[in-house]
file structure13.cif (mmCIF, C-alpha atoms)
data_my_file
loop_
_atom_site.label_atom_id
_atom_site.label_comp_id
_atom_site.auth_asym_id
_atom_site.auth_seq_id
_atom_site.Cartn_x
_atom_site.Cartn_y
_atom_site.Cartn_z
CA MET A 1 105.82 96.03 97.34
CA GLU A 2 103.05 93.54 98.06
CA LEU A 3 100.40 96.02 99.21
CA LEU A 4 100.85 98.39 96.27
CA LYS A 5 100.68 95.47 93.86
CA ASN A 6 97.44 94.34 95.50
CA LEU A 7 95.98 97.84 95.56
CA ARG A 8 96.70 98.21 91.85
CA TRP A 9 95.12 94.82 91.16
CA ARG A 10 91.84 95.46 92.95
CA TYR A 11 88.90 97.43 91.59
CA ALA A 12 85.32 98.03 92.67
CA THR A 13 83.84 94.86 91.25
CA LYS A 14 80.39 95.41 89.80
CA ARG A 15 79.53 91.90 88.59
CA PHE A 16 80.40 88.77 90.52
CA ASP A 17 80.53 85.14 89.44
CA THR A 18 77.56 83.70 91.33
CA SER A 19 79.00 80.19 91.19
CA LYS A 20 82.12 81.02 93.21
CA LYS A 21 82.18 81.20 96.99
CA VAL A 22 84.81 82.59 99.34
CA SER A 23 86.10 79.61 101.34
CA THR A 24 85.73 79.32 105.11
CA ASN A 25 89.49 79.37 105.36
CA ASP A 26 89.82 82.65 103.44
CA LEU A 27 86.89 84.13 105.34
CA ALA A 28 88.74 83.44 108.58
CA LYS A 29 91.70 85.46 107.27
CA LEU A 30 89.48 88.35 106.22
CA LYS A 31 87.90 88.32 109.68
CA GLU A 32 91.30 88.47 111.32
CA ALA A 33 92.27 91.45 109.14
CA ILE A 34 89.10 93.23 110.26
CA GLN A 35 89.67 92.26 113.87
CA LEU A 36 93.20 93.70 113.75
CA SER A 37 91.96 97.08 112.49
CA VAL A 38 92.94 100.06 114.59
CA SER A 39 90.14 102.04 116.21
CA SER A 40 89.84 105.06 118.43
CA TYR A 41 91.21 104.13 121.89
CA GLY A 42 91.08 100.56 120.60
CA LEU A 43 87.38 100.39 121.47
CA GLN A 44 86.13 98.74 118.23
CA LEU A 45 82.61 100.07 118.64
CA TYR A 46 81.13 98.22 115.72
CA LYS A 47 79.81 94.84 114.71
CA VAL A 48 80.37 93.16 111.38
CA LEU A 49 77.63 91.08 109.78
CA ILE A 50 78.67 88.50 107.23
CA ILE A 51 75.60 87.64 105.21
CA GLN A 52 75.23 84.62 102.96
CA ASP A 53 71.47 84.05 103.14
CA MET A 54 70.08 84.75 99.70
CA GLU A 55 66.49 85.58 100.66
CA LEU A 56 67.77 88.24 103.00
CA ARG A 57 70.02 89.67 100.33
CA GLU A 58 67.10 89.74 97.86
CA GLU A 59 65.28 91.82 100.46
CA LEU A 60 68.25 94.17 100.86
CA LYS A 61 68.84 94.66 97.14
CA PRO A 62 65.98 97.12 96.43
CA VAL A 63 67.18 99.29 99.34
CA SER A 64 70.72 99.14 97.94
CA TRP A 65 69.98 101.10 94.78
CA ASN A 66 69.19 97.72 93.18
CA GLN A 67 72.85 96.96 92.75
CA ASN A 68 73.68 93.47 91.47
CA GLN A 69 76.61 93.03 93.84
CA ILE A 70 74.23 92.56 96.79
CA THR A 71 72.93 89.25 95.50
CA GLU A 72 75.64 88.16 93.05
CA ALA A 73 78.59 88.35 95.44
CA SER A 74 79.66 85.43 97.57
CA HIS A 75 79.13 87.30 100.85
CA LEU A 76 77.71 90.66 101.83
CA ILE A 77 79.57 92.36 104.67
CA VAL A 78 77.69 94.97 106.69
CA PHE A 79 79.74 97.17 109.01
CA CYS A 80 77.46 98.38 111.82
CA ASN A 81 78.57 101.11 114.17
CA TYR A 82 77.27 101.33 117.72
CA THR A 83 74.74 104.18 117.77
CA ASP A 84 75.97 105.27 121.17
CA VAL A 85 78.84 104.64 123.54
CA ASN A 86 78.41 104.38 127.27
CA SER A 87 80.52 103.68 130.32
CA PHE A 88 79.67 99.97 130.06
CA ASP A 89 81.52 99.81 126.70
CA ILE A 90 84.57 101.40 128.29
CA GLU A 91 84.37 99.06 131.28
CA GLU A 92 84.21 96.08 128.96
CA PHE A 93 87.28 97.34 127.09
CA ILE A 94 89.21 97.85 130.33
CA GLN A 95 88.17 94.37 131.46
CA THR A 96 89.38 92.85 128.16
CA THR A 97 92.66 94.75 128.52
CA SER A 98 93.01 93.47 132.07
CA ASP A 99 92.31 89.88 130.96
CA ILE A 100 94.62 89.90 127.91
CA ARG A 101 97.52 91.73 129.53
CA GLY A 102 97.13 90.23 133.00
CA ILE A 103 97.02 93.67 134.61
CA ASP A 104 94.86 94.35 137.64
CA TYR A 105 91.54 95.96 136.64
CA GLU A 106 91.93 98.63 139.32
CA LYS A 107 95.26 99.75 137.85
CA LEU A 108 93.61 100.33 134.47
CA LYS A 109 90.56 102.11 135.81
CA GLY A 110 92.21 105.52 135.51
CA TYR A 111 92.58 105.02 131.76
CA GLY A 112 88.91 104.11 131.53
CA ASP A 113 88.01 107.29 133.41
CA PHE A 114 90.19 109.26 131.00
CA ILE A 115 88.37 107.81 127.96
CA ASN A 116 85.00 108.50 129.59
CA SER A 117 85.97 112.10 130.32
CA LYS A 118 87.14 112.62 126.73
CA LEU A 119 83.92 111.16 125.34
CA ASP A 120 81.88 113.35 127.67
CA GLU A 121 83.38 116.38 125.89
CA LYS A 122 81.65 115.34 122.67
CA SER A 123 78.08 116.35 121.88
CA ASP A 124 75.64 113.58 120.91
CA ASP A 125 76.09 114.49 117.24
CA GLN A 126 79.87 114.49 117.50
CA LYS A 127 79.76 111.14 119.25
CA ARG A 128 77.57 109.66 116.56
CA ASN A 129 79.80 110.98 113.77
CA TRP A 130 82.88 109.69 115.51
CA LEU A 131 81.26 106.25 115.86
CA GLU A 132 80.43 106.26 112.15
CA ARG A 133 84.02 106.91 111.08
CA GLN A 134 85.66 103.94 112.74
CA PRO A 135 84.17 101.18 110.52
CA TYR A 136 85.87 102.79 107.50
CA ILE A 137 89.23 101.64 108.83
CA ALA A 138 87.91 98.09 109.15
CA LEU A 139 86.48 98.37 105.63
CA ALA A 140 89.90 99.34 104.27
CA ASN A 141 91.48 96.38 106.05
CA LEU A 142 88.91 94.06 104.51
CA LEU A 143 89.59 95.44 101.03
CA MET A 144 93.34 95.05 101.34
CA ALA A 145 93.15 91.57 102.82
CA SER A 146 90.73 90.54 100.06
CA ALA A 147 93.10 91.87 97.39
CA GLU A 148 95.99 89.85 98.77
CA LEU A 149 93.85 86.71 98.60
CA LYS A 150 92.71 87.64 95.07
CA ILE A 151 89.19 87.99 96.34
CA ASP A 152 87.27 90.71 94.57
CA ALA A 153 85.40 93.30 96.55
CA CYS A 154 83.13 96.27 96.13
CA PRO A 155 82.85 98.81 98.94
CA MET A 156 79.46 100.50 98.90
CA GLU A 157 77.74 103.48 100.45
CA GLY A 158 74.81 103.30 98.05
CA PHE A 159 72.20 101.79 100.35
CA GLU A 160 69.49 103.06 102.69
CA SER A 161 70.87 102.51 106.15
CA GLU A 162 67.49 103.05 107.88
CA LYS A 163 65.99 100.26 105.78
CA TYR A 164 68.95 98.01 106.53
CA ASN A 165 68.48 98.74 110.23
CA GLU A 166 64.81 97.76 109.99
CA ILE A 167 65.31 94.63 107.91
CA LEU A 168 68.25 93.39 109.97
CA GLY A 169 66.68 94.36 113.31
CA LEU A 170 69.67 96.55 114.12
CA ASN A 171 67.81 99.35 115.91
CA GLU A 172 66.93 97.04 118.80
CA SER A 173 70.61 96.15 119.17
CA GLY A 174 71.85 99.75 119.18
CA LEU A 175 73.50 99.26 115.82
CA ASN A 176 73.43 101.17 112.53
CA ALA A 177 74.42 99.90 109.07
CA CYS A 178 77.27 102.29 108.29
CA VAL A 179 79.06 101.00 105.21
CA ILE A 180 78.94 97.70 103.32
CA ALA A 181 81.09 95.60 101.01
CA ALA A 182 80.34 92.76 98.63
CA ILE A 183 83.07 90.13 98.31
CA GLY A 184 83.54 87.22 95.94
CA TYR A 185 85.01 86.61 92.51
CA ARG A 186 84.66 88.78 89.43
CA SER A 187 82.42 87.63 86.62
CA PRO A 188 84.01 87.37 83.17
CA GLU A 189 81.24 89.78 82.13
CA ASP A 190 82.65 92.51 84.37
CA GLN A 191 84.82 94.55 82.06
CA SER A 192 85.42 97.49 84.40
CA HIS A 193 88.78 96.16 85.64
CA LYS A 194 90.12 96.90 82.17
CA PHE A 195 89.73 100.65 82.65
CA PRO A 196 92.65 102.50 84.21
CA LYS A 197 92.07 103.67 87.78
CA ILE A 198 90.94 107.23 88.36
CA ARG A 199 93.01 108.88 91.07
CA LYS A 200 93.88 112.49 91.80
CA PRO A 201 97.39 113.43 90.76
CA ALA A 202 99.86 113.48 93.66
CA ASP A 203 100.35 117.26 93.47
CA LYS A 204 96.66 117.81 94.17
CA LEU A 205 96.42 115.18 96.88
CA PHE A 206 99.57 115.91 98.87
CA GLU A 207 101.33 118.91 100.32
CA GLU A 208 104.79 118.31 101.73
CA ILE A 209 105.73 120.86 104.35
CA GLU A 210 109.45 120.70 104.91
CA HIS A 211 109.84 124.32 105.85
CA PHE A 212 106.76 126.08 107.01
CA VAL A 213 106.56 129.75 106.07
CA THR A 214 103.85 131.72 107.89
CA THR A 215 101.01 130.16 105.89
CA PRO A 216 101.23 126.87 104.05
CA VAL A 217 101.02 126.83 100.29
CA ILE A 218 97.74 125.00 99.81
CA MET B 1 99.62 85.98 104.67
CA GLU B 2 101.65 89.16 104.29
CA LEU B 3 98.99 91.61 105.45
CA LEU B 4 98.10 89.68 108.60
CA LYS B 5 101.78 89.33 109.47
CA ASN B 6 102.21 93.09 109.07
CA LEU B 7 99.06 93.89 111.03
CA ARG B 8 100.28 91.70 113.88
CA TRP B 9 103.70 93.38 113.79
CA ARG B 10 102.45 96.95 113.97
CA TYR B 11 101.37 98.77 117.10
CA ALA B 12 100.48 102.35 118.00
CA THR B 13 104.02 103.60 118.52
CA LYS B 14 104.24 106.06 121.38
CA ARG B 15 107.96 106.90 121.33
CA PHE B 16 109.93 107.34 118.14
CA ASP B 17 113.68 107.35 117.52
CA THR B 18 114.28 111.00 116.68
CA SER B 19 117.48 110.19 114.79
CA LYS B 20 115.75 108.05 112.16
CA LYS B 21 113.99 109.46 109.13
CA VAL B 22 111.66 107.81 106.63
CA SER B 23 113.46 107.90 103.29
CA THR B 24 112.15 109.78 100.27
CA ASN B 25 111.87 106.46 98.49
CA ASP B 26 109.71 104.91 101.20
CA LEU B 27 107.65 108.07 101.49
CA ALA B 28 106.84 107.80 97.80
CA LYS B 29 105.47 104.29 98.41
CA LEU B 30 103.37 105.45 101.34
CA LYS B 31 101.97 108.24 99.20
CA GLU B 32 101.03 105.80 96.47
CA ALA B 33 99.23 103.60 99.01
CA ILE B 34 97.25 106.65 100.16
CA GLN B 35 96.58 107.70 96.58
CA LEU B 36 95.21 104.25 95.77
CA SER B 37 92.72 104.35 98.66
CA VAL B 38 89.11 103.86 97.72
CA SER B 39 86.72 106.72 98.38
CA SER B 40 83.05 107.43 97.89
CA TYR B 41 82.37 107.70 94.13
CA GLY B 42 86.17 107.84 93.81
CA LEU B 43 86.08 111.56 94.61
CA GLN B 44 88.99 111.64 97.11
CA LEU B 45 87.72 114.80 98.79
CA TYR B 46 90.71 115.29 101.08
CA LYS B 47 94.23 116.58 101.10
CA VAL B 48 97.14 115.01 102.92
CA LEU B 49 99.78 117.17 104.56
CA ILE B 50 103.17 115.59 105.17
CA ILE B 51 104.91 117.70 107.78
CA GLN B 52 108.61 117.61 108.56
CA ASP B 53 109.17 121.16 109.79
CA MET B 54 110.05 120.95 113.47
CA GLU B 55 109.02 124.45 114.55
CA LEU B 56 105.58 123.82 113.14
CA ARG B 57 105.33 120.50 114.94
CA GLU B 58 106.41 122.15 118.20
CA GLU B 59 103.49 124.52 117.69
CA LEU B 60 101.10 121.64 117.03
CA LYS B 61 102.21 119.55 120.00
CA PRO B 62 100.38 121.49 122.76
CA VAL B 63 97.15 121.24 120.74
CA SER B 64 97.76 117.49 120.32
CA TRP B 65 97.35 116.60 123.99
CA ASN B 66 101.10 117.20 124.28
CA GLN B 67 101.85 113.83 122.79
CA ASN B 68 105.52 113.10 122.09
CA GLN B 69 104.80 111.46 118.74
CA ILE B 70 104.06 114.85 117.17
CA THR B 71 107.66 116.03 117.44
CA GLU B 72 109.59 112.77 117.86
CA ALA B 73 108.30 111.02 114.75
CA SER B 74 110.00 111.34 111.39
CA HIS B 75 106.93 112.83 109.70
CA LEU B 76 103.53 113.99 110.84
CA ILE B 77 100.73 113.18 108.41
CA VAL B 78 97.57 115.29 108.60
CA PHE B 79 94.52 114.03 106.70
CA CYS B 80 92.33 117.02 105.87
CA ASN B 81 88.82 116.54 104.55
CA TYR B 82 87.16 119.11 102.32
CA THR B 83 84.65 120.97 104.48
CA ASP B 84 82.17 121.04 101.62
CA VAL B 85 81.65 119.47 98.23
CA ASN B 86 80.31 121.37 95.26
CA SER B 87 79.59 120.77 91.60
CA PHE B 88 83.10 122.00 90.72
CA ASP B 89 84.60 119.02 92.59
CA ILE B 90 82.38 116.65 90.63
CA GLU B 91 83.24 118.38 87.35
CA GLU B 92 86.92 118.05 88.13
CA PHE B 93 86.47 114.34 88.85
CA ILE B 94 84.57 113.80 85.60
CA GLN B 95 87.28 115.72 83.73
CA THR B 96 90.00 113.55 85.32
CA THR B 97 88.02 110.44 84.37
CA SER B 98 87.67 111.73 80.83
CA ASP B 99 91.41 112.45 80.62
CA ILE B 100 92.61 109.16 82.12
CA ARG B 101 90.17 106.90 80.29
CA GLY B 102 90.06 108.86 77.05
CA ILE B 103 86.27 109.09 77.13
CA ASP B 104 84.45 112.14 75.85
CA TYR B 105 83.52 114.51 78.73
CA GLU B 106 79.96 114.82 77.45
CA LYS B 107 79.46 111.06 77.65
CA LEU B 108 80.42 111.10 81.34
CA LYS B 109 78.35 114.14 82.25
CA GLY B 110 75.33 112.02 83.18
CA TYR B 111 77.34 110.25 85.86
CA GLY B 112 78.40 113.63 87.23
CA ASP B 113 74.75 114.70 87.37
CA PHE B 114 73.91 111.47 89.18
CA ILE B 115 76.58 112.12 91.84
CA ASN B 116 75.38 115.72 92.22
CA SER B 117 71.78 114.60 92.65
CA LYS B 118 72.79 112.03 95.28
CA LEU B 119 74.82 114.60 97.20
CA ASP B 120 71.90 117.05 97.03
CA GLU B 121 69.88 114.51 99.03
CA LYS B 122 72.24 114.96 101.98
CA SER B 123 71.76 117.74 104.55
CA ASP B 124 74.78 119.97 105.27
CA ASP B 125 75.50 117.97 108.43
CA GLN B 126 75.24 114.65 106.61
CA LYS B 127 77.56 115.94 103.90
CA ARG B 128 80.11 117.09 106.44
CA ASN B 129 80.01 113.77 108.27
CA TRP B 130 80.34 111.86 105.04
CA LEU B 131 83.37 113.99 104.09
CA GLU B 132 84.95 113.26 107.46
CA ARG B 133 84.68 109.50 107.07
CA GLN B 134 86.60 109.13 103.84
CA PRO B 135 90.09 109.99 105.20
CA TYR B 136 89.86 107.02 107.56
CA ILE B 137 90.23 104.69 104.60
CA ALA B 138 93.35 106.55 103.50
CA LEU B 139 94.63 106.39 107.06
CA ALA B 140 94.22 102.61 107.10
CA ASN B 141 96.09 102.33 103.81
CA LEU B 142 98.93 104.41 105.23
CA LEU B 143 99.14 102.20 108.33
CA MET B 144 99.28 98.99 106.34
CA ALA B 145 101.79 100.30 103.82
CA SER B 146 103.95 101.53 106.70
CA ALA B 147 103.80 98.14 108.39
CA GLU B 148 104.94 96.36 105.23
CA LEU B 149 107.93 98.71 105.04
CA LYS B 150 108.62 98.19 108.78
CA ILE B 151 107.89 101.83 109.36
CA ASP B 152 106.24 102.46 112.70
CA ALA B 153 103.12 104.54 112.91
CA CYS B 154 100.68 105.97 115.40
CA PRO B 155 97.21 106.97 114.23
CA MET B 156 95.81 109.77 116.38
CA GLU B 157 92.52 111.48 117.03
CA GLY B 158 93.81 113.21 120.16
CA PHE B 159 94.27 116.71 118.79
CA GLU B 160 92.23 119.91 118.53
CA SER B 161 91.20 120.11 114.92
CA GLU B 162 90.11 123.77 115.15
CA LYS B 163 93.58 124.72 116.39
CA TYR B 164 95.19 122.67 113.63
CA ASN B 165 92.97 124.47 111.12
CA GLU B 166 94.11 127.85 112.48
CA ILE B 167 97.80 127.04 112.71
CA LEU B 168 97.96 125.40 109.29
CA GLY B 169 95.71 127.98 107.63
CA LEU B 170 93.28 125.27 106.57
CA ASN B 171 90.05 127.25 107.01
CA GLU B 172 90.94 129.52 104.12
CA SER B 173 91.47 126.48 101.90
CA GLY B 174 88.15 124.83 102.79
CA LEU B 175 89.97 122.06 104.63
CA ASN B 176 89.64 120.52 108.09
CA ALA B 177 92.21 118.47 110.00
CA CYS B 178 90.29 115.19 110.36
CA VAL B 179 92.70 112.55 111.60
CA ILE B 180 96.49 112.40 111.90
CA ALA B 181 99.29 109.86 112.03
CA ALA B 182 102.90 110.02 113.15
CA ILE B 183 105.32 107.83 111.20
CA GLY B 184 108.93 106.91 111.79
CA TYR B 185 110.89 104.30 113.71
CA ARG B 186 110.25 103.06 117.23
CA SER B 187 112.55 104.15 120.01
CA PRO B 188 114.18 101.38 122.06
CA GLU B 189 112.54 103.11 125.02
CA ASP B 190 109.08 102.30 123.68
CA GLN B 191 108.13 99.12 125.45
CA SER B 192 104.48 99.06 124.46
CA HIS B 193 105.04 96.72 121.51
CA LYS B 194 105.77 94.01 124.07
CA PHE B 195 102.19 94.01 125.31
CA PRO B 196 99.75 91.71 123.55
CA LYS B 197 97.21 93.47 121.35
CA ILE B 198 93.77 94.17 122.77
CA ARG B 199 91.07 93.12 120.34
CA LYS B 200 87.46 92.07 120.81
CA PRO B 201 86.94 88.34 120.55
CA ALA B 202 85.59 87.25 117.16
CA ASP B 203 82.24 86.15 118.60
CA LYS B 204 81.57 89.69 119.82
CA LEU B 205 82.80 91.38 116.67
CA PHE B 206 81.20 89.20 114.01
CA GLU B 207 77.82 87.75 113.27
CA GLU B 208 77.64 85.26 110.44
CA ILE B 209 74.18 85.05 108.91
CA GLU B 210 73.95 81.94 106.81
CA HIS B 211 70.27 81.41 107.34
CA PHE B 212 68.28 84.42 108.41
CA VAL B 213 65.39 83.69 110.75
CA THR B 214 62.93 86.56 111.23
CA THR B 215 65.32 88.56 113.45
CA PRO B 216 69.07 88.09 113.52
CA VAL B 217 70.69 86.83 116.67
CA ILE B 218 72.67 89.90 117.69
#

call {"tool": "encode", "arguments": {"input": "structure13.cif", "output": "structure tokens"}}
result
Amino acid sequence: MELLKNLRWRYATKRFDTSKKVSTNDLAKLKEAIQLSVSSYGLQLYKVLIIQDMELREELKPVSWNQNQITEASHLIVFCNYTDVNSFDIEEFIQTTSDIRGIDYEKLKGYGDFINSKLDEKSDDQKRNWLERQPYIALANLLMASAELKIDACPMEGFESEKYNEILGLNESGLNACVIAAIGYRSPEDQSHKFPKIRKPADKLFEEIEHFVTTPVI
Amino acid sequence: MELLKNLRWRYATKRFDTSKKVSTNDLAKLKEAIQLSVSSYGLQLYKVLIIQDMELREELKPVSWNQNQITEASHLIVFCNYTDVNSFDIEEFIQTTSDIRGIDYEKLKGYGDFINSKLDEKSDDQKRNWLERQPYIALANLLMASAELKIDACPMEGFESEKYNEILGLNESGLNACVIAAIGYRSPEDQSHKFPKIRKPADKLFEEIEHFVTTPVI
């Protein structure tokens, strides 16, 4: 199975070969994999920054726990969630649906109202948390697409999002740096791919419930 | 590219063929794809329930916005995040690392302390939100593995997690139903795969920063 093979191949690359760049052609494929990610209601309430500029990455490194990947990788990908969702976002989504599927906007309006009513049930905190979960699906898509293309990647949460927001001017755009990934090609110096993967054993991770008896055995 | 082909093939399946079941062999592959998901620090602080029992699913359906997928699919997958993380979880992870890599536990202890210190920086709310993001990566892995195996899937947030927690007895186990997915095979009645996918255009979703000038153009 292709995906399993790729998942076994990949690892969180710590040192990248600074001389190797991800090609424009491959980058286009990675972008399509991100674009095809599922999201709640299909709203895709995030923006993805693809950063090459080295000065900028030098500035981001100290607020990324000084990790080498920030500057050594070919590209730094920053997944930014919307900090809020409003009826304009829903309208835009309904308009896109109308355009792509050739369905009258008015016929889709009811679905937009439904989404709005469901979002209204969430508190501000719940909304924000919900917005911050969605980019993780896109991150996973990026990692799997990279692995198929034999592009190395390192997903990272070890950075100060407030500092990223300041440096990248995200606050003004209603965006928040949620999770990041460095992509490129492993350096021969990076030995960590030689270590076996650490994963929880299946019996701790899964519970199969074929016949439910009063309370599950977990 | 295999992954892109599979991502284009898949869609959020609304009606499943109740006569078709995902085989044990395929299920094992899906589980491995979930198990290989990346997670923060590699901690995998979630548990995945794989539910076949029909009575149980009938009970879950009304608290899942009455969606047909809950009972019509072959299996219902419930991704449950840990509601808290404590030093025991970190210890267990360090012990697993020690076992798998054959490294002395004492030599790894410093890394465990580092993780603990980083988690201590988070407030309870931040911790909870962080715990609730991780299963989304596993969800994405499940969706892509399913697509490669031509297994249909529907990721779902439309359910009442508190009710799931009660019905499945998750509270007592320190777990929370975070996100779910129905898997199986599409019913011929499900026409929604005929509609073109709705995705944001690339120029709205991406911002490539090759040369950063004072403030990014977003």

call {"tool": "resolve_selection", "arguments": {"input": "structure13.cif", "expression": "the PyMOL selection byres ((chain A and resi 160-171) around 9)", "output": "JSON, numbers by chain"}}
result
{"A": [56, 59, 60, 63, 64, 65, 80, 83, 157, 158, 159, 172, 173, 174, 175, 176, 177, 178, 179], "B": [214, 215, 216, 218]}

call {"tool": "closest_residue", "arguments": {"input": "structure13.cif", "among": "B:Ile103, B:Ala140, B:Leu149, B:Val85", "to": "chain A", "atoms": "all atoms listed in the file"}}
result
B:Ala140

call {"tool": "atom_distance", "arguments": {"input": "structure13.cif", "atom1": "CA of Pro188 (chain A)", "atom2": "CA of Ala138 (chain B)"}}
result
29.5 Å

call {"tool": "closest_residue", "arguments": {"input": "structure13.cif", "among": "A:Lys122, A:Arg8, A:Arg186, A:Lys109", "to": "Gln69 (chain A)", "atoms": "only C-alpha atoms"}}
result
A:Arg186

call {"tool": "residues_around", "arguments": {"input": "structure13.cif", "residues": "Leu7 (chain B)", "least_positions_apart": "3", "cutoff": "8 Å", "atoms": "all atoms listed in the file", "output": "JSON list (two decimals) with C-alpha atoms, in the coordinates of the input"}}
result
[["chain", "number", "residue", "atom", "x", "y", "z"],
["A", 33, "ALA", "CA", 92.27, 91.45, 109.14],
["A", 36, "LEU", "CA", 93.20, 93.70, 113.75],
["A", 37, "SER", "CA", 91.96, 97.08, 112.49],
["B", 3, "LEU", "CA", 98.99, 91.61, 105.45],
["B", 4, "LEU", "CA", 98.10, 89.68, 108.60],
["B", 10, "ARG", "CA", 102.45, 96.95, 113.97],
["B", 144, "MET", "CA", 99.28, 98.99, 106.34],
["B", 147, "ALA", "CA", 103.80, 98.14, 108.39]]

call {"tool": "atom_distance", "arguments": {"input": "structure13.cif", "atom1": "CA of Tyr82 (chain B)", "atom2": "CA of Leu131 (chain B)"}}
result
6.6 Å

call {"tool": "atom_distance", "arguments": {"input": "structure13.cif", "atom1": "CA of Arg128 (chain B)", "atom2": "CA of Asp84 (chain B)"}}
result
6.6 Å

call {"tool": "resolve_selection", "arguments": {"input": "structure13.cif", "expression": "the PyMOL selection byres ((chain B and resi 194) around 12)", "output": "VMD selection string"}}
result
(chain A and resid 101) or (chain B and resid 8 to 13 188 to 193 195 to 197)

call {"tool": "closest_residue", "arguments": {"input": "structure13.cif", "among": "A:Glu207, A:Ala182, A:Met156, A:Asn129", "to": "Gly42 (chain B)", "atoms": "all atoms listed in the file"}}
result
A:Met156

call {"tool": "residues_around", "arguments": {"input": "structure13.cif", "residues": "Met54 (chain B)", "least_positions_apart": "3", "cutoff": "8 Å", "atoms": "all atoms listed in the file", "output": "PDB file with C-alpha atoms, in the frame of the given file"}}
result
ATOM      1  CA  ARG B  57     105.330 120.500 114.940  1.00  0.00           C
ATOM      2  CA  GLU B  58     106.410 122.150 118.200  1.00  0.00           C
ATOM      3  CA  THR B  71     107.660 116.030 117.440  1.00  0.00           C
TER       4      THR B  71
END

call {"tool": "resolve_selection", "arguments": {"input": "structure13.cif", "expression": "the PyMOL selection byres ((chain A and resi 44) around 9)", "output": "ChimeraX atom specification"}}
result
/A:35,37-43,45-47,81,134-135 /B:199-200,205

call {"tool": "axis_aligned_box", "arguments": {"input": "structure13.cif", "around": "region 128-140 of chain A", "padding_each_side": "3 Å", "output": "lines of an AutoDock Vina configuration file"}}
result
center_x = 83.7
center_y = 104.5
center_z = 110.4
size_x = 18.3
size_y = 18.9
size_z = 18.3

call {"tool": "closest_residue", "arguments": {"input": "structure13.cif", "among": "B:Gly184, B:Pro201, B:Pro62, B:Gly110", "to": "chain A", "atoms": "all atoms listed in the file"}}
result
B:Pro201
